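A.B. asks: Structure file target30.pdb (PDB, C-alpha atoms) right here:
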ATOM      1  CA  MET A1492      98.636 108.594  90.049
ATOM      2  CA  ALA A1493      96.905 105.221  90.105
ATOM      3  CA  VAL A1494      98.254 102.612  92.518
ATOM      4  CA  PRO A1495      99.298  99.376  90.740
ATOM      5  CA  ASP A1496      97.212  96.324  91.567
ATOM      6  CA  THR A1497      99.862  93.762  90.648
ATOM      7  CA  PHE A1498     103.214  93.077  92.284
ATOM      8  CA  LEU A1499     106.294  90.920  91.773
ATOM      9  CA  THR A1500     107.053  88.125  94.257
ATOM     10  CA  LEU A1501     108.484  84.593  94.194
ATOM     11  CA  ALA A1502     106.604  81.551  92.942
ATOM     12  CA  ALA A1503     108.233  79.185  95.466
ATOM     13  CA  PRO A1504     111.023  79.018  98.069
ATOM     14  CA  ALA A1505     114.609  79.090  96.823
ATOM     15  CA  ALA A1506     118.076  78.798  98.336
ATOM     16  CA  ALA A1507     121.698  79.387  97.399
ATOM     17  CA  GLU A1508     125.103  79.244  99.035
ATOM     18  CA  PRO A1509     127.855  81.409  97.532
ATOM     19  CA  PRO A1510     131.513  80.418  98.026
ATOM     20  CA  LYS A1511     132.851  80.857 101.545
ATOM     21  CA  THR A1512     133.983  84.320 102.616
ATOM     22  CA  LYS A1513     137.234  83.995 104.618
ATOM     23  CA  GLY A1514     136.069  80.648 105.933
ATOM     24  CA  SER A1515     132.520  81.720 106.853
ATOM     25  CA  ARG A1516     129.539  80.023 105.180
ATOM     26  CA  PHE A1517     126.586  82.214 104.205
ATOM     27  CA  ILE A1518     123.439  80.332 103.160
ATOM     28  CA  GLY A1519     120.612  82.375 101.680
ATOM     29  CA  GLU A1520     116.986  81.225 101.703
ATOM     30  CA  ALA A1521     114.070  83.137 100.181
ATOM     31  CA  ALA A1522     110.357  82.387 100.293
ATOM     32  CA  PRO A1523     107.059  83.983  99.284
ATOM     33  CA  VAL A1524     104.879  85.047 102.228
ATOM     34  CA  ARG A1525     101.566  86.854 102.637
ATOM     35  CA  THR A1526     101.783  88.116 106.226
ATOM     36  CA  GLU A1527     104.287  89.067 108.913
ATOM     37  CA  ALA A1528     103.307  85.921 110.824
ATOM     38  CA  GLU A1529     104.219  83.766 107.819
ATOM     39  CA  ALA A1530     107.544  85.583 107.438
ATOM     40  CA  LEU A1531     108.471  85.095 111.095
ATOM     41  CA  ALA A1532     107.412  81.444 110.944
ATOM     42  CA  ALA A1533     109.701  80.920 107.947
ATOM     43  CA  VAL A1534     112.615  82.454 109.869
ATOM     44  CA  ALA A1535     111.814  80.306 112.925
ATOM     45  CA  ALA A1536     111.911  77.190 110.749
ATOM     46  CA  VAL A1537     115.384  78.124 109.488
ATOM     47  CA  ARG A1538     116.577  78.764 113.061
ATOM     48  CA  ALA A1539     115.249  75.385 114.209
ATOM     49  CA  ARG A1540     116.948  73.550 111.355
ATOM     50  CA  GLU A1541     120.234  75.502 111.516
ATOM     51  CA  HIS A1542     120.432  75.548 115.321
ATOM     52  CA  ALA A1543     124.218  75.267 115.282
ATOM     53  CA  ALA A1544     124.650  78.415 113.165
ATOM     54  CA  THR A1545     126.397  81.515 114.496
ATOM     55  CA  HIS A1546     123.733  83.904 113.162
ATOM     56  CA  VAL A1547     120.461  83.776 111.242
ATOM     57  CA  CYS A1548     119.826  87.274 109.894
ATOM     58  CA  TRP A1549     116.778  88.200 107.882
ATOM     59  CA  ALA A1550     114.542  90.774 106.248
ATOM     60  CA  PHE A1551     111.088  90.758 104.762
ATOM     61  CA  ARG A1552     108.979  93.096 102.673
ATOM     62  CA  LEU A1553     105.186  92.968 102.421
ATOM     63  CA  GLY A1554     102.830  94.955 100.228
ATOM     64  CA  PRO A1555     101.923  96.872  98.246
ATOM     65  CA  GLY A1556      99.389  97.396 100.992
ATOM     66  CA  GLY A1557      97.214 100.249 102.140
ATOM     67  CA  PRO A1558      95.442 102.856 100.059
ATOM     68  CA  LYS A1559      98.683 104.330  98.732
ATOM     69  CA  GLY A1560     100.480 101.077  98.081
ATOM     70  CA  ARG A1561     102.971 101.445 100.943
ATOM     71  CA  SER A1562     105.049  98.382 101.733
ATOM     72  CA  VAL A1563     105.846  97.051 105.218
ATOM     73  CA  TRP A1564     109.313  95.776 106.055
ATOM     74  CA  ARG A1565     111.447  94.547 108.944
ATOM     75  CA  THR A1566     115.086  93.533 109.341
ATOM     76  CA  GLN A1567     117.067  91.652 111.983
ATOM     77  CA  ASP A1568     120.866  91.570 112.436
ATOM     78  CA  ASP A1569     120.780  88.737 115.017
ATOM     79  CA  GLY A1570     123.862  89.873 116.916
ATOM     80  CA  GLU A1571     125.895  91.086 113.952
ATOM     81  CA  PRO A1572     126.959  94.771 113.983
ATOM     82  CA  SER A1573     123.972  97.057 113.444
ATOM     83  CA  GLY A1574     123.101  97.498 109.780
ATOM     84  CA  SER A1575     125.589  94.889 108.559
ATOM     85  CA  ALA A1576     123.137  92.076 107.806
ATOM     86  CA  GLY A1577     119.399  92.812 107.799
ATOM     87  CA  ALA A1578     119.686  96.048 105.839
ATOM     88  CA  PRO A1579     121.811  94.560 103.007
ATOM     89  CA  ILE A1580     119.348  91.663 102.747
ATOM     90  CA  LEU A1581     116.442  94.097 102.456
ATOM     91  CA  ARG A1582     118.288  96.079  99.780
ATOM     92  CA  GLU A1583     118.540  92.936  97.653
ATOM     93  CA  ILE A1584     114.763  92.418  97.928
ATOM     94  CA  GLU A1585     114.024  96.050  97.092
ATOM     95  CA  GLY A1586     116.576  96.140  94.297
ATOM     96  CA  ARG A1587     114.645  93.428  92.472
ATOM     97  CA  ASP A1588     111.333  95.200  93.149
ATOM     98  CA  LEU A1589     110.063  92.121  94.992
ATOM     99  CA  THR A1590     107.484  92.101  97.754
ATOM    100  CA  ASN A1591     105.658  89.531  99.881
ATOM    101  CA  VAL A1592     109.075  87.926 100.308
ATOM    102  CA  VAL A1593     111.242  86.937 103.279
ATOM    103  CA  VAL A1594     114.960  86.191 103.069
ATOM    104  CA  ALA A1595     116.994  84.548 105.835
ATOM    105  CA  VAL A1596     120.772  84.253 105.628
ATOM    106  CA  THR A1597     122.461  81.743 107.911
ATOM    107  CA  ARG A1598     126.109  82.301 108.837
ATOM    108  CA  TYR A1599     128.541  79.710 110.118
ATOM    109  CA  TYR A1600     131.560  81.619 111.444
ATOM    110  CA  GLY A1601     134.845  80.669 109.827
ATOM    111  CA  GLY A1602     137.258  82.152 112.354
ATOM    112  CA  THR A1603     138.076  85.444 110.605
ATOM    113  CA  LYS A1604     136.292  88.710 111.341
ATOM    114  CA  LEU A1605     134.961  90.407 108.225
ATOM    115  CA  GLY A1606     134.203  93.933 109.467
ATOM    116  CA  VAL A1607     130.958  95.763 108.811
ATOM    117  CA  GLY A1608     131.661  96.265 105.110
ATOM    118  CA  GLY A1609     132.662  92.661 104.567
ATOM    119  CA  LEU A1610     129.608  91.398 106.399
ATOM    120  CA  ALA A1611     127.293  93.643 104.399
ATOM    121  CA  ARG A1612     128.745  92.354 101.138
ATOM    122  CA  ALA A1613     128.546  88.718 102.232
ATOM    123  CA  TYR A1614     124.971  88.922 103.537
ATOM    124  CA  GLY A1615     123.865  90.859 100.468
ATOM    125  CA  GLU A1616     125.531  88.365  98.145
ATOM    126  CA  ALA A1617     123.861  85.375  99.810
ATOM    127  CA  ALA A1618     120.461  87.078  99.806
ATOM    128  CA  GLY A1619     120.805  88.085  96.176
ATOM    129  CA  ALA A1620     121.870  84.586  95.154
ATOM    130  CA  ALA A1621     118.822  83.062  96.866
ATOM    131  CA  LEU A1622     116.466  85.552  95.222
ATOM    132  CA  ASP A1623     118.035  84.985  91.813
ATOM    133  CA  ALA A1624     117.639  81.231  92.269
ATOM    134  CA  GLY A1625     113.887  81.704  92.679
ATOM    135  CA  ARG A1626     111.306  82.044  89.931
ATOM    136  CA  PRO A1627     109.509  85.423  89.858
ATOM    137  CA  ALA A1628     105.709  85.420  89.933
ATOM    138  CA  ARG A1629     103.146  88.164  89.437
ATOM    139  CA  GLY A1630     100.620  88.617  92.267
ATOM    140  CA  THR A1631      97.404  90.618  92.362
ATOM    141  CA  VAL A1632      96.266  93.100  95.012
ATOM    142  CA  ARG A1633      92.613  92.408  95.798
ATOM    143  CA  VAL A1634      90.182  94.303  98.003
ATOM    144  CA  PRO A1635      86.844  93.212  99.527
ATOM    145  CA  VAL A1636      83.517  94.284  98.035
ATOM    146  CA  VAL A1637      80.121  93.042  99.301
ATOM    147  CA  LEU A1638      77.047  93.069  97.064
ATOM    148  CA  ARG A1639      73.465  92.582  98.202
ATOM    149  CA  PHE A1640      70.631  92.046  95.723
ATOM    150  CA  ALA A1641      67.204  90.497  95.306
ATOM    151  CA  PHE A1642      66.773  87.130  93.614
ATOM    152  CA  ALA A1643      65.279  88.867  90.577
ATOM    153  CA  ASP A1644      68.601  90.639  90.035
ATOM    154  CA  THR A1645      70.744  87.488  90.262
ATOM    155  CA  ALA A1646      71.468  87.213  86.523
ATOM    156  CA  PRO A1647      72.754  90.773  85.973
ATOM    157  CA  ALA A1648      74.713  90.679  89.239
ATOM    158  CA  MET A1649      76.437  87.389  88.405
ATOM    159  CA  ARG A1650      77.409  88.567  84.920
ATOM    160  CA  LEU A1651      79.614  91.191  86.551
ATOM    161  CA  LEU A1652      81.807  88.578  88.236
ATOM    162  CA  ASP A1653      83.505  87.508  84.999
ATOM    163  CA  ALA A1654      83.598  91.024  83.607
ATOM    164  CA  PHE A1655      85.526  92.292  86.638
ATOM    165  CA  ASP A1656      87.666  89.230  87.513
ATOM    166  CA  ALA A1657      85.901  88.947  90.883
ATOM    167  CA  GLU A1658      86.562  86.053  93.270
ATOM    168  CA  VAL A1659      83.645  84.905  95.451
ATOM    169  CA  ALA A1660      84.833  84.614  99.054
ATOM    170  CA  GLU A1661      81.393  83.888 100.526
ATOM    171  CA  GLN A1662      77.813  83.600  99.269
ATOM    172  CA  THR A1663      74.853  83.960 101.655
ATOM    173  CA  PHE A1664      71.172  83.470 100.927
ATOM    174  CA  SER A1665      68.216  84.863 102.885
ATOM    175  CA  PRO A1666      64.505  85.447 102.247
ATOM    176  CA  ASP A1667      65.404  88.970 101.127
ATOM    177  CA  GLY A1668      67.931  87.877  98.488
ATOM    178  CA  THR A1669      71.633  87.174  98.105
ATOM    179  CA  GLN A1670      74.804  88.607  99.606
ATOM    180  CA  LEU A1671      78.105  88.099  97.795
ATOM    181  CA  ALA A1672      81.407  88.802  99.522
ATOM    182  CA  LEU A1673      83.906  89.367  96.723
ATOM    183  CA  ARG A1674      87.612  90.027  96.352
ATOM    184  CA  VAL A1675      88.372  92.129  93.291
ATOM    185  CA  ARG A1676      91.426  93.764  91.767
ATOM    186  CA  ARG A1677      92.022  97.074  93.486
ATOM    187  CA  SER A1678      91.617  99.005  90.232
ATOM    188  CA  HIS A1679      88.313  97.234  89.496
ATOM    189  CA  ALA A1680      86.583  98.000  92.816
ATOM    190  CA  ALA A1681      85.094 101.396  91.960
ATOM    191  CA  PRO A1682      84.017 100.453  88.401
ATOM    192  CA  LEU A1683      82.413  97.268  89.738
ATOM    193  CA  ARG A1684      80.379  99.219  92.286
ATOM    194  CA  ALA A1685      79.149 101.614  89.594
ATOM    195  CA  ALA A1686      78.330  98.787  87.160
ATOM    196  CA  PHE A1687      76.440  96.875  89.856
ATOM    197  CA  VAL A1688      74.246  99.858  90.712
ATOM    198  CA  GLU A1689      73.494 100.356  87.033
ATOM    199  CA  ALA A1690      72.851  96.627  86.366
ATOM    200  CA  THR A1691      70.332  96.422  89.207
ATOM    201  CA  SER A1692      68.792  99.837  88.419
ATOM    202  CA  GLY A1693      69.764 101.036  91.885
ATOM    203  CA  ARG A1694      67.974  98.227  93.681
ATOM    204  CA  GLY A1695      71.180  96.473  94.773
ATOM    205  CA  GLU A1696      73.302  97.552  97.716
ATOM    206  CA  VAL A1697      77.087  97.832  97.838
ATOM    207  CA  VAL A1698      78.638  97.461 101.288
TER     208      VAL A1698
END
Any chance you could put this one into structure tokens?

C.D. replies:
Amino acid sequence: MAVPDTFLTLAAPAAAEPPKTKGSRFIGEAAPVRTEAEALAAVAAVRAREHAATHVCWAFRLGPGGPKGRSVWRTQDDGEPSGSAGAPILREIEGRDLTNVVVAVTRYYGGTKLGVGGLARAYGEAAGAALDAGRPARGTVRVPVVLRFAFADTAPAMRLLDAFDAEVAEQTFSPDGTQLALRVRRSHAAPLRAAFVEATSGRGEVV
């Protein structure tokens, strides 16, 4: 089965605060991210701003990455009972089939214990509200392809860029010709390689 080369994420950060749960405030914040470092930086920014909060719990999901489209995820309960915060937040992300997204939920304790079930519902509700407040956006999975060709083959090689929705990451010239470092849709990579070999009559090189 072919691996999809598009995914659903958020277009911009979003936030929401559902009504208090037995006096506790739960503030959900969601943001699009590309890497684990970006996700952790987003959480750190929330912690710095909400330094008086009782807990800042979070989850992120990245992907679809790898040859089989596997996603990468992490959760953090930040002192709440195990599984009562990070996991419900992640379920809200997965339930909307979103990826490349981080969600942090800040809790200000209201004086009444909620129990594991109550916490899970409250964290999930805040995460879901933040995600629903955001605008979905479609992203594209791209992979690197490097083409090398002589100057005489420039015209046929360049015509392929539009045909295969290829983005030029870097272009290098040398006495021997041109090297193009491209990023192409994952599903276009193999057809592009074949078309390039044909267009240059086998003279070009695919790295």

A.B. asks: Determine the residue membership of the PyMOL selection byres ((chain A and resi 1676) around 8) for the file above and supply it as JSON, numbers by chain.

C.D. replies: {"A": [1496, 1631, 1632, 1633, 1634, 1655, 1656, 1657, 1674, 1675, 1677, 1678, 1679, 1680]}

A.B. asks: Tell me, as number ranges by chain, which residues lie within 9 Å of Ala1578 (chain A), counting all atoms listed in the file; anything in the same chain fewer than 5 positions away does not count.

C.D. replies: A: 1549-1550, 1565-1568, 1573, 1583, 1611, 1615

A.B. asks: Where does the PyMOL selection byres ((chain A and resi 1686) around 12) land in this file, that is, which residues does it pick, as a list of chain:residue names?

C.D. replies: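 So the PyMOL selection byres ((chain A and resi 1686) around 12), applied here, picks out A:Leu1638, A:Pro1647, A:Ala1648, A:Met1649, A:Arg1650, A:Leu1651, A:Leu1652, A:Ala1654, A:Phe1655, A:His1679, A:Ala1680, A:Ala1681, A:Pro1682, A:Leu1683, A:Arg1684, A:Ala1685, A:Phe1687, A:Val1688, A:Glu1689, A:Ala1690, A:Thr1691, A:Ser1692, A:Gly1693, A:Gly1695, A:Glu1696, A:Val1697.
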
A.B. asks: Take the residues from that selection and write them out as a CSV table (one decimal), keeping the file's coordinate frame, keeping C-alpha atoms.

C.D. replies:
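File part.csv, as written:
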chain,number,residue,atom,x,y,z
A,1638,LEU,CA,77.0,93.1,97.1
A,1647,PRO,CA,72.8,90.8,86.0
A,1648,ALA,CA,74.7,90.7,89.2
A,1649,MET,CA,76.4,87.4,88.4
A,1650,ARG,CA,77.4,88.6,84.9
A,1651,LEU,CA,79.6,91.2,86.6
A,1652,LEU,CA,81.8,88.6,88.2
A,1654,ALA,CA,83.6,91.0,83.6
A,1655,PHE,CA,85.5,92.3,86.6
A,1679,HIS,CA,88.3,97.2,89.5
A,1680,ALA,CA,86.6,98.0,92.8
A,1681,ALA,CA,85.1,101.4,92.0
A,1682,PRO,CA,84.0,100.5,88.4
A,1683,LEU,CA,82.4,97.3,89.7
A,1684,ARG,CA,80.4,99.2,92.3
A,1685,ALA,CA,79.1,101.6,89.6
A,1687,PHE,CA,76.4,96.9,89.9
A,1688,VAL,CA,74.2,99.9,90.7
A,1689,GLU,CA,73.5,100.4,87.0
A,1690,ALA,CA,72.9,96.6,86.4
A,1691,THR,CA,70.3,96.4,89.2
A,1692,SER,CA,68.8,99.8,88.4
A,1693,GLY,CA,69.8,101.0,91.9
A,1695,GLY,CA,71.2,96.5,94.8
A,1696,GLU,CA,73.3,97.6,97.7
A,1697,VAL,CA,77.1,97.8,97.8

A.B. asks: Residue by residue, what does the PyMOL selection byres ((chain A and resi 1667) around 9) grab here? Present the result as a ChimeraX atom specification.

C.D. replies: /A:1640-1642,1664-1666,1668-1669

A.B. asks: Could you check the closest approach to Ala1543 (chain A) for each of A:Tyr1600, A:Ala1613, A:Val1698, A:Thr1645 and tell me which residue wins, using all atoms listed in the file?

C.D. replies: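 For Ala1543 (chain A), the nearest of the given residues is A:Tyr1600.
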
A.B. asks: Kindly extract all protein, DNA and RNA residues lying within 12 Å of the coordinates (109.4, 90.0, 101.9) given in the file, considering all atoms listed in the file, and supply them as a PyMOL selection string.

C.D. replies: chain A and resi 1498-1501+1504+1520-1531+1533-1534+1549-1555+1562-1566+1577+1580-1585+1587-1595+1618+1622

A.B. asks: Please save C-alpha atoms of the selected residues as a short mmCIF file (atom, residue, chain, number, x, y, z; two decimals), keeping the file's coordinate frame.

C.D. replies:
data_model
loop_
_atom_site.label_atom_id
_atom_site.label_comp_id
_atom_site.auth_asym_id
_atom_site.auth_seq_id
_atom_site.Cartn_x
_atom_site.Cartn_y
_atom_site.Cartn_z
CA PHE A 1498 103.21 93.08 92.28
CA LEU A 1499 106.29 90.92 91.77
CA THR A 1500 107.05 88.12 94.26
CA LEU A 1501 108.48 84.59 94.19
CA PRO A 1504 111.02 79.02 98.07
CA GLU A 1520 116.99 81.22 101.70
CA ALA A 1521 114.07 83.14 100.18
CA ALA A 1522 110.36 82.39 100.29
CA PRO A 1523 107.06 83.98 99.28
CA VAL A 1524 104.88 85.05 102.23
CA ARG A 1525 101.57 86.85 102.64
CA THR A 1526 101.78 88.12 106.23
CA GLU A 1527 104.29 89.07 108.91
CA ALA A 1528 103.31 85.92 110.82
CA GLU A 1529 104.22 83.77 107.82
CA ALA A 1530 107.54 85.58 107.44
CA LEU A 1531 108.47 85.10 111.10
CA ALA A 1533 109.70 80.92 107.95
CA VAL A 1534 112.62 82.45 109.87
CA TRP A 1549 116.78 88.20 107.88
CA ALA A 1550 114.54 90.77 106.25
CA PHE A 1551 111.09 90.76 104.76
CA ARG A 1552 108.98 93.10 102.67
CA LEU A 1553 105.19 92.97 102.42
CA GLY A 1554 102.83 94.96 100.23
CA PRO A 1555 101.92 96.87 98.25
CA SER A 1562 105.05 98.38 101.73
CA VAL A 1563 105.85 97.05 105.22
CA TRP A 1564 109.31 95.78 106.06
CA ARG A 1565 111.45 94.55 108.94
CA THR A 1566 115.09 93.53 109.34
CA GLY A 1577 119.40 92.81 107.80
CA ILE A 1580 119.35 91.66 102.75
CA LEU A 1581 116.44 94.10 102.46
CA ARG A 1582 118.29 96.08 99.78
CA GLU A 1583 118.54 92.94 97.65
CA ILE A 1584 114.76 92.42 97.93
CA GLU A 1585 114.02 96.05 97.09
CA ARG A 1587 114.64 93.43 92.47
CA ASP A 1588 111.33 95.20 93.15
CA LEU A 1589 110.06 92.12 94.99
CA THR A 1590 107.48 92.10 97.75
CA ASN A 1591 105.66 89.53 99.88
CA VAL A 1592 109.08 87.93 100.31
CA VAL A 1593 111.24 86.94 103.28
CA VAL A 1594 114.96 86.19 103.07
CA ALA A 1595 116.99 84.55 105.84
CA ALA A 1618 120.46 87.08 99.81
CA LEU A 1622 116.47 85.55 95.22
#

A.B. asks: Rounded to one decimal place, report the CA of Ala1620 (chain A)-CA of Gly1586 (chain A) distance in Å.

C.D. replies: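 According to the coordinates, CA of Ala1620 (chain A) and CA of Gly1586 (chain A) are separated by 12.7 Å.
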
A.B. asks: Mind giving me the straight-line distance from CA of Thr1597 (chain A) to CA of Ala1539 (chain A) in Å, one decimal?

C.D. replies: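 Answer for the CA of Thr1597 (chain A) to CA of Ala1539 (chain A) separation: 11.5 Å.
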
A.B. asks: To one decimal place, how far is CA of Gln1662 (chain A) from CA of Pro1635 (chain A) in Å?

C.D. replies: 13.2 Å

A.B. asks: Output as lines of an AutoDock Vina configuration file the centre and edge lengths (Å, one decimal) of the box along x, y and z of the file that holds every listed atom of region 1504-1507 of chain A after adding 6 Å on each side.

C.D. replies:
center_x = 116.4
center_y = 79.1
center_z = 97.6
size_x = 22.7
size_y = 12.6
size_z = 13.5

A.B. asks: Compare A:Glu1508, A:Ala1532, A:Ser1515, A:Ala1646 by their minimum atom-to-atom distance to Gly1609 (chain A), counting all atoms listed in the file, and give me the closest one.

C.D. replies: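 Closest residue, counting all atoms listed in the file: A:Ser1515.
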
A.B. asks: Which residue, A:Leu1610, A:Val1659, A:Leu1673, A:Ala1576, has the smallest gap to Lys1513 (chain A) when you use all atoms listed in the file?

C.D. replies: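 Closest to Lys1513 (chain A) of all the choices is A:Leu1610.
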
A.B. asks: Between A:Arg1629, A:Arg1540, A:Arg1639, A:Arg1516, which residue has the minimum interatomic distance to Gly1602 (chain A), considering all atoms listed in the file?

C.D. replies: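 Counting all atoms listed in the file, the residue closest to Gly1602 (chain A) is A:Arg1516.
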
A.B. asks: Which one is closest to Ala1505 (chain A): A:Glu1616, A:Glu1571, A:Glu1541, A:Asp1623? Count all atoms listed in the file.

C.D. replies: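 Checking each of A:Glu1616, A:Glu1571, A:Glu1541, A:Asp1623 against Ala1505 (chain A), counting all atoms listed in the file, the winner is A:Asp1623.
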